>>> print(open('start-v7.pdb').read())   # PDB, C-alpha atoms
ATOM      1  CA  MET A   1      47.771 -31.994   6.260  1.00  0.00           C
ATOM      2  CA  LYS A   2      44.303 -33.465   6.288  1.00  0.00           C
ATOM      3  CA  ILE A   3      41.478 -31.319   7.650  1.00  0.00           C
ATOM      4  CA  PRO A   4      38.565 -33.217   9.253  1.00  0.00           C
ATOM      5  CA  VAL A   5      35.304 -33.124   7.354  1.00  0.00           C
ATOM      6  CA  GLN A   6      33.611 -31.637  10.404  1.00  0.00           C
ATOM      7  CA  LYS A   7      35.758 -28.507  10.151  1.00  0.00           C
ATOM      8  CA  PHE A   8      34.800 -28.071   6.517  1.00  0.00           C
ATOM      9  CA  LEU A   9      31.140 -28.290   7.499  1.00  0.00           C
ATOM     10  CA  LEU A  10      31.552 -25.764  10.290  1.00  0.00           C
ATOM     11  CA  LEU A  11      33.405 -23.386   7.970  1.00  0.00           C
ATOM     12  CA  GLY A  12      30.669 -23.728   5.344  1.00  0.00           C
ATOM     13  CA  ALA A  13      27.963 -23.012   7.908  1.00  0.00           C
ATOM     14  CA  ALA A  14      29.809 -19.921   9.122  1.00  0.00           C
ATOM     15  CA  LEU A  15      30.256 -18.600   5.595  1.00  0.00           C
ATOM     16  CA  GLY A  16      26.588 -19.262   4.886  1.00  0.00           C
ATOM     17  CA  THR A  17      25.570 -17.271   7.962  1.00  0.00           C
ATOM     18  CA  MET A  18      27.796 -14.375   6.924  1.00  0.00           C
ATOM     19  CA  ALA A  19      26.317 -14.331   3.415  1.00  0.00           C
ATOM     20  CA  ALA A  20      22.757 -14.427   4.712  1.00  0.00           C
ATOM     21  CA  SER A  21      23.335 -11.405   6.938  1.00  0.00           C
ATOM     22  CA  ARG A  22      23.980  -8.947   4.140  1.00  0.00           C
ATOM     23  CA  GLY A  23      22.723  -8.009   0.712  1.00  0.00           C
ATOM     24  CA  ALA A  24      24.623  -7.283  -2.440  1.00  0.00           C
ATOM     25  CA  THR A  25      25.410  -3.747  -3.571  1.00  0.00           C
ATOM     26  CA  ILE A  26      22.988  -2.507  -6.220  1.00  0.00           C
ATOM     27  CA  ASN A  27      24.542  -0.459  -9.023  1.00  0.00           C
ATOM     28  CA  TRP A  28      21.969   2.196  -9.893  1.00  0.00           C
ATOM     29  CA  SER A  29      21.351   4.034 -13.121  1.00  0.00           C
ATOM     30  CA  LEU A  30      20.504   7.725 -12.884  1.00  0.00           C
ATOM     31  CA  ALA A  31      16.962   8.542 -11.771  1.00  0.00           C
ATOM     32  CA  THR A  32      14.782   8.898 -14.892  1.00  0.00           C
ATOM     33  CA  ASP A  33      11.626  10.949 -15.352  1.00  0.00           C
ATOM     34  CA  ILE A  34       8.449   8.906 -15.887  1.00  0.00           C
ATOM     35  CA  SER A  35       7.186   9.252 -19.475  1.00  0.00           C
ATOM     36  CA  GLY A  36       5.213   6.199 -20.635  1.00  0.00           C
ATOM     37  CA  GLU A  37       4.815   2.418 -20.588  1.00  0.00           C
ATOM     38  CA  SER A  38       8.179   1.942 -22.314  1.00  0.00           C
ATOM     39  CA  ASP A  39       9.700   2.977 -18.971  1.00  0.00           C
ATOM     40  CA  VAL A  40       9.059  -0.583 -17.796  1.00  0.00           C
ATOM     41  CA  SER A  41      12.164  -2.658 -18.483  1.00  0.00           C
ATOM     42  CA  LEU A  42      11.775  -5.968 -20.304  1.00  0.00           C
ATOM     43  CA  THR A  43      15.402  -7.017 -19.897  1.00  0.00           C
ATOM     44  CA  GLY A  44      15.814 -10.625 -18.819  1.00  0.00           C
ATOM     45  CA  THR A  45      13.020 -12.711 -17.295  1.00  0.00           C
ATOM     46  CA  LEU A  46      10.403 -11.432 -14.866  1.00  0.00           C
ATOM     47  CA  ASP A  47      10.765 -12.728 -11.321  1.00  0.00           C
ATOM     48  CA  ARG A  48       8.111 -10.538  -9.626  1.00  0.00           C
ATOM     49  CA  ALA A  49       6.387  -7.164 -10.038  1.00  0.00           C
ATOM     50  CA  TYR A  50       4.083  -5.261  -7.687  1.00  0.00           C
ATOM     51  CA  ASN A  51       2.234  -1.991  -7.535  1.00  0.00           C
ATOM     52  CA  VAL A  52       2.242  -1.033  -3.883  1.00  0.00           C
ATOM     53  CA  THR A  53      -1.255  -0.367  -2.626  1.00  0.00           C
ATOM     54  CA  ASN A  54      -4.160  -2.091  -0.945  1.00  0.00           C
ATOM     55  CA  ALA A  55      -6.192  -4.805  -2.647  1.00  0.00           C
ATOM     56  CA  THR A  56      -8.823  -2.431  -4.058  1.00  0.00           C
ATOM     57  CA  GLY A  57      -6.157  -0.846  -6.240  1.00  0.00           C
ATOM     58  CA  GLY A  58      -6.031  -3.963  -8.380  1.00  0.00           C
ATOM     59  CA  SER A  59      -3.237  -5.089 -10.678  1.00  0.00           C
ATOM     60  CA  ALA A  60      -1.908  -3.398 -13.765  1.00  0.00           C
ATOM     61  CA  GLY A  61      -0.443  -4.833 -16.990  1.00  0.00           C
ATOM     62  CA  ILE A  62       2.173  -2.309 -18.148  1.00  0.00           C
ATOM     63  CA  ASN A  63       4.303  -2.881 -21.260  1.00  0.00           C
ATOM     64  CA  GLY A  64       3.451  -6.577 -21.005  1.00  0.00           C
ATOM     65  CA  VAL A  65       4.426  -6.851 -17.332  1.00  0.00           C
ATOM     66  CA  SER A  66       1.721  -7.697 -14.803  1.00  0.00           C
ATOM     67  CA  PHE A  67       2.148  -5.660 -11.627  1.00  0.00           C
ATOM     68  CA  LEU A  68       0.211  -7.400  -8.861  1.00  0.00           C
ATOM     69  CA  ALA A  69      -1.244  -5.515  -5.906  1.00  0.00           C
ATOM     70  CA  PHE A  70       0.946  -5.479  -2.802  1.00  0.00           C
ATOM     71  CA  ASN A  71      -1.669  -5.251  -0.085  1.00  0.00           C
ATOM     72  CA  VAL A  72      -0.868  -2.398   2.288  1.00  0.00           C
ATOM     73  CA  THR A  73      -3.437  -0.192   4.028  1.00  0.00           C
ATOM     74  CA  THR A  74      -3.234   2.520   6.658  1.00  0.00           C
ATOM     75  CA  THR A  75      -4.229  -0.063   9.256  1.00  0.00           C
ATOM     76  CA  THR A  76      -1.700  -2.677   8.112  1.00  0.00           C
ATOM     77  CA  THR A  77       0.736  -3.777  10.792  1.00  0.00           C
ATOM     78  CA  SER A  78       4.364  -3.997   9.731  1.00  0.00           C
ATOM     79  CA  PRO A  79       5.738  -6.194   8.264  1.00  0.00           C
ATOM     80  CA  VAL A  80       3.670  -7.175   5.207  1.00  0.00           C
ATOM     81  CA  THR A  81       4.617 -10.272   3.217  1.00  0.00           C
ATOM     82  CA  VAL A  82       3.319 -11.129  -0.240  1.00  0.00           C
ATOM     83  CA  GLY A  83       4.870 -14.228  -1.768  1.00  0.00           C
ATOM     84  CA  SER A  84       8.640 -14.004  -1.314  1.00  0.00           C
ATOM     85  CA  THR A  85       8.647 -10.246  -0.678  1.00  0.00           C
ATOM     86  CA  THR A  86       8.316  -8.386   2.624  1.00  0.00           C
ATOM     87  CA  LEU A  87       7.815  -4.667   3.245  1.00  0.00           C
ATOM     88  CA  SER A  88       8.396  -3.306   6.732  1.00  0.00           C
ATOM     89  CA  THR A  89       8.575   0.124   8.319  1.00  0.00           C
ATOM     90  CA  SER A  90      10.064   1.732  11.399  1.00  0.00           C
ATOM     91  CA  GLU A  91       6.814   3.643  11.983  1.00  0.00           C
ATOM     92  CA  THR A  92       3.366   2.930  10.451  1.00  0.00           C
ATOM     93  CA  PHE A  93       2.187   2.653   6.865  1.00  0.00           C
ATOM     94  CA  THR A  94       0.070   5.183   5.024  1.00  0.00           C
ATOM     95  CA  SER A  95      -1.487   3.925   1.809  1.00  0.00           C
ATOM     96  CA  THR A  96      -3.224   6.089  -0.771  1.00  0.00           C
ATOM     97  CA  LEU A  97      -5.196   5.385  -3.934  1.00  0.00           C
ATOM     98  CA  GLY A  98      -5.404   9.092  -4.698  1.00  0.00           C
ATOM     99  CA  ALA A  99      -1.860   9.870  -5.828  1.00  0.00           C
ATOM    100  CA  GLY A 100      -3.009  10.424  -9.425  1.00  0.00           C
ATOM    101  CA  SER A 101      -4.490  13.499 -11.118  1.00  0.00           C
ATOM    102  CA  SER A 102      -6.885  14.583 -13.870  1.00  0.00           C
ATOM    103  CA  SER A 103      -4.269  17.012 -15.171  1.00  0.00           C
ATOM    104  CA  ASP A 104      -1.467  16.550 -17.699  1.00  0.00           C
ATOM    105  CA  PRO A 105       0.978  14.977 -18.003  1.00  0.00           C
ATOM    106  CA  PHE A 106      -0.313  12.305 -15.594  1.00  0.00           C
ATOM    107  CA  VAL A 107      -3.709  11.992 -17.275  1.00  0.00           C
ATOM    108  CA  SER A 108      -2.036  11.371 -20.644  1.00  0.00           C
ATOM    109  CA  LEU A 109      -0.417   8.146 -19.446  1.00  0.00           C
ATOM    110  CA  SER A 110      -2.008   4.794 -20.285  1.00  0.00           C
ATOM    111  CA  ALA A 111      -4.731   3.571 -17.933  1.00  0.00           C
ATOM    112  CA  PRO A 112      -2.644   0.683 -16.527  1.00  0.00           C
ATOM    113  CA  TYR A 113       0.304   2.981 -15.863  1.00  0.00           C
ATOM    114  CA  ARG A 114      -1.998   5.461 -14.133  1.00  0.00           C
ATOM    115  CA  THR A 115      -3.301   2.604 -11.987  1.00  0.00           C
ATOM    116  CA  MET A 116       0.166   1.884 -10.632  1.00  0.00           C
ATOM    117  CA  LEU A 117       1.389   5.465 -10.340  1.00  0.00           C
ATOM    118  CA  GLY A 118      -1.898   6.755  -8.914  1.00  0.00           C
ATOM    119  CA  GLN A 119      -1.339   4.884  -5.666  1.00  0.00           C
ATOM    120  CA  SER A 120       1.540   4.581  -3.254  1.00  0.00           C
ATOM    121  CA  VAL A 121       2.583   3.625   0.236  1.00  0.00           C
ATOM    122  CA  TYR A 122       4.747   5.679   2.548  1.00  0.00           C
ATOM    123  CA  THR A 123       5.568   6.015   6.214  1.00  0.00           C
ATOM    124  CA  ASN A 124       3.315   7.930   8.553  1.00  0.00           C
ATOM    125  CA  GLY A 125       6.096  10.179   9.768  1.00  0.00           C
ATOM    126  CA  SER A 126       8.485  12.838   8.545  1.00  0.00           C
ATOM    127  CA  THR A 127      11.648  10.750   8.771  1.00  0.00           C
ATOM    128  CA  GLY A 128      10.365   7.208   8.444  1.00  0.00           C
ATOM    129  CA  THR A 129      12.128   4.324   6.765  1.00  0.00           C
ATOM    130  CA  MET A 130      10.727   1.360   4.848  1.00  0.00           C
ATOM    131  CA  THR A 131      12.676  -1.799   4.095  1.00  0.00           C
ATOM    132  CA  LEU A 132      11.929  -4.175   1.244  1.00  0.00           C
ATOM    133  CA  THR A 133      13.222  -7.727   1.634  1.00  0.00           C
ATOM    134  CA  LEU A 134      13.441  -9.735  -1.567  1.00  0.00           C
ATOM    135  CA  ASP A 135      13.620 -13.424  -0.638  1.00  0.00           C
ATOM    136  CA  GLY A 136      13.900 -16.485  -2.850  1.00  0.00           C
ATOM    137  CA  LEU A 137      16.961 -15.287  -4.753  1.00  0.00           C
ATOM    138  CA  THR A 138      19.697 -17.545  -6.106  1.00  0.00           C
ATOM    139  CA  ALA A 139      23.267 -16.660  -5.167  1.00  0.00           C
ATOM    140  CA  GLY A 140      25.324 -15.991  -8.285  1.00  0.00           C
ATOM    141  CA  TYR A 141      22.354 -14.915 -10.403  1.00  0.00           C
ATOM    142  CA  THR A 142      22.316 -11.364 -11.728  1.00  0.00           C
ATOM    143  CA  TYR A 143      19.128  -9.374 -11.162  1.00  0.00           C
ATOM    144  CA  LEU A 144      17.610  -6.110 -12.357  1.00  0.00           C
ATOM    145  CA  PHE A 145      15.576  -4.137  -9.823  1.00  0.00           C
ATOM    146  CA  GLN A 146      13.359  -1.266 -11.006  1.00  0.00           C
ATOM    147  CA  VAL A 147      11.494   1.064  -8.648  1.00  0.00           C
ATOM    148  CA  TRP A 148       9.035   3.972  -9.038  1.00  0.00           C
ATOM    149  CA  ALA A 149       8.046   6.933  -6.845  1.00  0.00           C
ATOM    150  CA  ASN A 150       5.146   9.165  -7.939  1.00  0.00           C
ATOM    151  CA  VAL A 151       2.759  11.644  -6.338  1.00  0.00           C
ATOM    152  CA  SER A 152       0.733  13.690  -8.874  1.00  0.00           C
ATOM    153  CA  ASN A 153      -2.259  14.853  -6.843  1.00  0.00           C
ATOM    154  CA  ASN A 154      -0.639  17.802  -5.099  1.00  0.00           C
ATOM    155  CA  VAL A 155       2.258  20.237  -5.160  1.00  0.00           C
ATOM    156  CA  ASN A 156       4.938  18.431  -3.207  1.00  0.00           C
ATOM    157  CA  LEU A 157       8.669  18.302  -2.660  1.00  0.00           C
ATOM    158  CA  ARG A 158       8.815  14.678  -1.558  1.00  0.00           C
ATOM    159  CA  HIS A 159      11.741  12.476  -2.480  1.00  0.00           C
ATOM    160  CA  THR A 160      12.481   8.812  -1.938  1.00  0.00           C
ATOM    161  CA  THR A 161      16.082   7.863  -1.216  1.00  0.00           C
ATOM    162  CA  VAL A 162      16.641   4.235  -2.223  1.00  0.00           C
ATOM    163  CA  THR A 163      19.620   2.520  -0.598  1.00  0.00           C
ATOM    164  CA  ALA A 164      21.216  -0.887  -1.173  1.00  0.00           C
ATOM    165  CA  GLY A 165      24.915  -0.283  -0.697  1.00  0.00           C
ATOM    166  CA  ASN A 166      24.683   2.497  -3.285  1.00  0.00           C
ATOM    167  CA  VAL A 167      22.078   5.271  -3.219  1.00  0.00           C
ATOM    168  CA  VAL A 168      19.688   6.793  -5.769  1.00  0.00           C
ATOM    169  CA  ASP A 169      17.245   9.640  -5.095  1.00  0.00           C
ATOM    170  CA  LEU A 170      13.802   9.680  -6.733  1.00  0.00           C
ATOM    171  CA  ASP A 171      11.788  12.889  -7.064  1.00  0.00           C
ATOM    172  CA  ALA A 172       8.095  12.000  -6.639  1.00  0.00           C
ATOM    173  CA  ASN A 173       6.962  15.037  -8.676  1.00  0.00           C
ATOM    174  CA  THR A 174       9.647  16.630 -10.838  1.00  0.00           C
ATOM    175  CA  THR A 175       7.619  19.782 -11.647  1.00  0.00           C
ATOM    176  CA  ASN A 176       6.123  20.192  -8.163  1.00  0.00           C
ATOM    177  CA  ALA A 177       2.741  20.840  -9.791  1.00  0.00           C
ATOM    178  CA  ILE A 178      -0.611  19.054  -9.821  1.00  0.00           C
ATOM    179  CA  GLY A 179      -0.438  16.449 -12.588  1.00  0.00           C
ATOM    180  CA  GLY A 180       3.347  16.292 -12.460  1.00  0.00           C
ATOM    181  CA  LEU A 181       5.183  12.990 -12.726  1.00  0.00           C
ATOM    182  CA  GLY A 182       7.814  11.331 -10.572  1.00  0.00           C
ATOM    183  CA  GLN A 183      10.832   9.217 -11.386  1.00  0.00           C
ATOM    184  CA  PHE A 184      12.054   5.635 -11.596  1.00  0.00           C
ATOM    185  CA  ALA A 185      15.466   4.021 -11.349  1.00  0.00           C
ATOM    186  CA  ILE A 186      16.988   0.744 -12.491  1.00  0.00           C
ATOM    187  CA  GLY A 187      19.680  -1.080 -10.559  1.00  0.00           C
ATOM    188  CA  THR A 188      21.548  -4.323 -11.133  1.00  0.00           C
ATOM    189  CA  PHE A 189      23.184  -6.676  -8.662  1.00  0.00           C
ATOM    190  CA  THR A 190      24.556 -10.187  -8.394  1.00  0.00           C
ATOM    191  CA  ALA A 191      22.937 -11.945  -5.464  1.00  0.00           C
ATOM    192  CA  ASP A 192      25.336 -13.119  -2.755  1.00  0.00           C
ATOM    193  CA  ALA A 193      22.601 -14.773  -0.693  1.00  0.00           C
ATOM    194  CA  ALA A 194      18.947 -15.783  -0.857  1.00  0.00           C
ATOM    195  CA  SER A 195      17.791 -12.336   0.318  1.00  0.00           C
ATOM    196  CA  GLN A 196      18.352  -8.743  -0.753  1.00  0.00           C
ATOM    197  CA  LEU A 197      17.475  -5.686   1.326  1.00  0.00           C
ATOM    198  CA  VAL A 198      16.443  -2.343  -0.182  1.00  0.00           C
ATOM    199  CA  ALA A 199      15.770   0.654   2.097  1.00  0.00           C
ATOM    200  CA  PHE A 200      13.541   3.671   1.388  1.00  0.00           C
ATOM    201  CA  SER A 201      14.008   6.847   3.407  1.00  0.00           C
ATOM    202  CA  GLY A 202      13.194  10.543   3.317  1.00  0.00           C
ATOM    203  CA  GLN A 203      10.272  12.737   4.337  1.00  0.00           C
ATOM    204  CA  SER A 204       7.362  10.280   4.088  1.00  0.00           C
ATOM    205  CA  PRO A 205       9.089   8.558   1.125  1.00  0.00           C
ATOM    206  CA  PRO A 206       6.492   7.298  -1.397  1.00  0.00           C
ATOM    207  CA  LEU A 207       6.857   3.910  -3.077  1.00  0.00           C
ATOM    208  CA  SER A 208       4.571   3.304  -6.074  1.00  0.00           C
ATOM    209  CA  GLY A 209       5.827   0.051  -7.567  1.00  0.00           C
ATOM    210  CA  PHE A 210       8.786  -2.179  -8.327  1.00  0.00           C
ATOM    211  CA  GLN A 211       9.830  -5.166 -10.376  1.00  0.00           C
ATOM    212  CA  LEU A 212      12.620  -7.756 -10.124  1.00  0.00           C
ATOM    213  CA  ARG A 213      13.999  -9.514 -13.201  1.00  0.00           C
ATOM    214  CA  VAL A 214      16.654 -12.209 -13.714  1.00  0.00           C
ATOM    215  CA  THR A 215      19.179 -11.030 -16.274  1.00  0.00           C
ATOM    216  CA  ALA A 216      21.990 -13.602 -16.071  1.00  0.00           C
ATOM    217  CA  VAL A 217      22.405 -17.164 -14.842  1.00  0.00           C
ATOM    218  CA  PRO A 218      25.997 -18.429 -14.394  1.00  0.00           C
ATOM    219  CA  GLU A 219      25.307 -21.614 -16.341  1.00  0.00           C
ATOM    220  CA  SER A 220      28.850 -22.013 -17.647  1.00  0.00           C
ATOM    221  CA  SER A 221      30.259 -21.639 -14.146  1.00  0.00           C
ATOM    222  CA  MET A 222      27.896 -24.281 -12.785  1.00  0.00           C
ATOM    223  CA  TRP A 223      28.840 -26.711 -15.535  1.00  0.00           C
ATOM    224  CA  SER A 224      32.540 -26.047 -14.864  1.00  0.00           C
ATOM    225  CA  LEU A 225      32.092 -26.788 -11.173  1.00  0.00           C
ATOM    226  CA  LEU A 226      30.104 -29.917 -11.947  1.00  0.00           C
ATOM    227  CA  GLY A 227      32.772 -31.094 -14.378  1.00  0.00           C
ATOM    228  CA  PHE A 228      35.506 -30.460 -11.822  1.00  0.00           C
ATOM    229  CA  GLY A 229      33.557 -32.377  -9.213  1.00  0.00           C
ATOM    230  CA  LEU A 230      33.002 -35.359 -11.513  1.00  0.00           C
ATOM    231  CA  PHE A 231      36.691 -35.326 -12.415  1.00  0.00           C
ATOM    232  CA  GLY A 232      37.589 -35.454  -8.719  1.00  0.00           C
ATOM    233  CA  VAL A 233      35.246 -38.394  -8.122  1.00  0.00           C
ATOM    234  CA  ALA A 234      36.726 -40.258 -11.088  1.00  0.00           C
ATOM    235  CA  MET A 235      40.271 -39.691  -9.832  1.00  0.00           C
ATOM    236  CA  LEU A 236      39.309 -40.865  -6.337  1.00  0.00           C
ATOM    237  CA  ARG A 237      37.792 -44.064  -7.723  1.00  0.00           C
ATOM    238  CA  ARG A 238      40.877 -44.636  -9.851  1.00  0.00           C
ATOM    239  CA  ARG A 239      43.174 -44.331  -6.840  1.00  0.00           C
ATOM    240  CA  ARG A 240      41.043 -46.746  -4.838  1.00  0.00           C
ATOM    241  CA  ALA A 241      41.089 -49.232  -7.709  1.00  0.00           C
TER     242      ALA A 241
END
>>> encode(input="start-v7.pdb", output="structure tokens")
Amino acid sequence: MKIPVQKFLLLGAALGTMAASRGATINWSLATDISGESDVSLTGTLDRAYNVTNATGGSAGINGVSFLAFNVTTTTTSPVTVGSTTLSTSETFTSTLGAGSSSDPFVSLSAPYRTMLGQSVYTNGSTGTMTLTLDGLTAGYTYLFQVWANVSNNVNLRHTTVTAGNVVDLDANTTNAIGGLGQFAIGTFTADAASQLVAFSGQSPPLSGFQLRVTAVPESSMWSLLGFGLFGVAMLRRRRA
């Protein structure tokens, strides 16, 4: 039975819409205590990296990775888009450049690392939610997503729950003491669409920085599909001849 080309096109459009409406599930590692620049993963190829603050916070080169400033201030209206990345909130943003400390162990970190971890953005509410939308992805590519939460300038019990199918919880100050350090987590996923959503929730959940890296490109699969397609064209031409 022959199926009209139009039906194939309609089916493809429907599948494309379904794929665009969801993100892949991120498989998280355990939350890890912040310790030094070697925390920053160098696996794969850098796609983007940001420290989340306003423009005056500047950028930071950490372990060879340049974390650009993601411009958010307390007067910023949601959503905020920088390049192919958008951060939005259900409430309003609060941005701080004073999340660092002059006490150990924070003060013992490298200057660039202190730049990123000494600033953060969070929601101006006790149960707010922020959503990060990573656009410009390639379906089938495997990505590494790394995220940090840190508040060292006060005694706090704040956590950031990061959700993308699976969930990981980041403690923003593991010792609950001035100068204490937070945590980071690494997750991997294979993109099923051009966008990936990551949600941050909790009691004013702080977000200090993140990076996205490409770790695998399905080159062999693409070549196989191309070869199959060329074979089909050759067979069609042969039949017509």
>>> closest_atom_pairs(input="start-v7.pdb", of="stretch 160-227 of chain A", to="stretch 62-81 of chain A", cutoff="10 Å", atoms="only C-alpha atoms", output="Markdown table")
| residue | atom | partner | partner_atom | distance |
| --- | --- | --- | --- | --- |
| A:Gly209 | CA | A:Phe67 | CA | 7.9 |
| A:Phe210 | CA | A:Phe67 | CA | 8.2 |
| A:Gln211 | CA | A:Phe67 | CA | 7.8 |
>>> residues_around(input="start-v7.pdb", residues="stretch 25-39 of chain A", least_positions_apart="2", cutoff="9 Å", atoms="all atoms listed in the file", output="ChimeraX atom specification")
/A:23,41-42,62-63,105-106,108-110,112-113,144-145,148,150,163-171,174,181-191,198
>>> write_last_selection(input="start-v7.pdb", atoms="C-alpha atoms", output="compact mmCIF listing (two decimals), in the coordinates of the input")
# COMPACT_ATOMS: atom_id res chain seq x y z
CA GLY A 23 22.72 -8.01 0.71
CA SER A 41 12.16 -2.66 -18.48
CA LEU A 42 11.78 -5.97 -20.30
CA ILE A 62 2.17 -2.31 -18.15
CA ASN A 63 4.30 -2.88 -21.26
CA PRO A 105 0.98 14.98 -18.00
CA PHE A 106 -0.31 12.30 -15.59
CA SER A 108 -2.04 11.37 -20.64
CA LEU A 109 -0.42 8.15 -19.45
CA SER A 110 -2.01 4.79 -20.28
CA PRO A 112 -2.64 0.68 -16.53
CA TYR A 113 0.30 2.98 -15.86
CA LEU A 144 17.61 -6.11 -12.36
CA PHE A 145 15.58 -4.14 -9.82
CA TRP A 148 9.04 3.97 -9.04
CA ASN A 150 5.15 9.16 -7.94
CA THR A 163 19.62 2.52 -0.60
CA ALA A 164 21.22 -0.89 -1.17
CA GLY A 165 24.92 -0.28 -0.70
CA ASN A 166 24.68 2.50 -3.28
CA VAL A 167 22.08 5.27 -3.22
CA VAL A 168 19.69 6.79 -5.77
CA ASP A 169 17.24 9.64 -5.10
CA LEU A 170 13.80 9.68 -6.73
CA ASP A 171 11.79 12.89 -7.06
CA THR A 174 9.65 16.63 -10.84
CA LEU A 181 5.18 12.99 -12.73
CA GLY A 182 7.81 11.33 -10.57
CA GLN A 183 10.83 9.22 -11.39
CA PHE A 184 12.05 5.64 -11.60
CA ALA A 185 15.47 4.02 -11.35
CA ILE A 186 16.99 0.74 -12.49
CA GLY A 187 19.68 -1.08 -10.56
CA THR A 188 21.55 -4.32 -11.13
CA PHE A 189 23.18 -6.68 -8.66
CA THR A 190 24.56 -10.19 -8.39
CA ALA A 191 22.94 -11.94 -5.46
CA VAL A 198 16.44 -2.34 -0.18
>>> atom_distance(input="start-v7.pdb", atom1="atom CA of A:Thr160", atom2="atom CA of A:Gly202")
5.6 Å
>>> resolve_selection(input="start-v7.pdb", expression="the PyMOL selection byres ((chain A and resi 100) around 10)", output="count of residues only")
25
>>> atom_distance(input="start-v7.pdb", atom1="atom CA of A:Asp47", atom2="atom CA of A:Ala199")
19.6 Å
>>> atom_distance(input="start-v7.pdb", atom1="atom CA of A:Asn156", atom2="atom CA of A:Ala49")
26.5 Å
>>> closest_residue(input="start-v7.pdb", among="A:Leu134, A:Leu87, A:Leu46, A:Val52", to="A:Ala194", atoms="all atoms listed in the file")
A:Leu134
>>> closest_residue(input="start-v7.pdb", among="A:Thr131, A:Ser208, A:Thr138, A:Thr85", to="A:Ala193", atoms="all atoms listed in the file")
A:Thr138
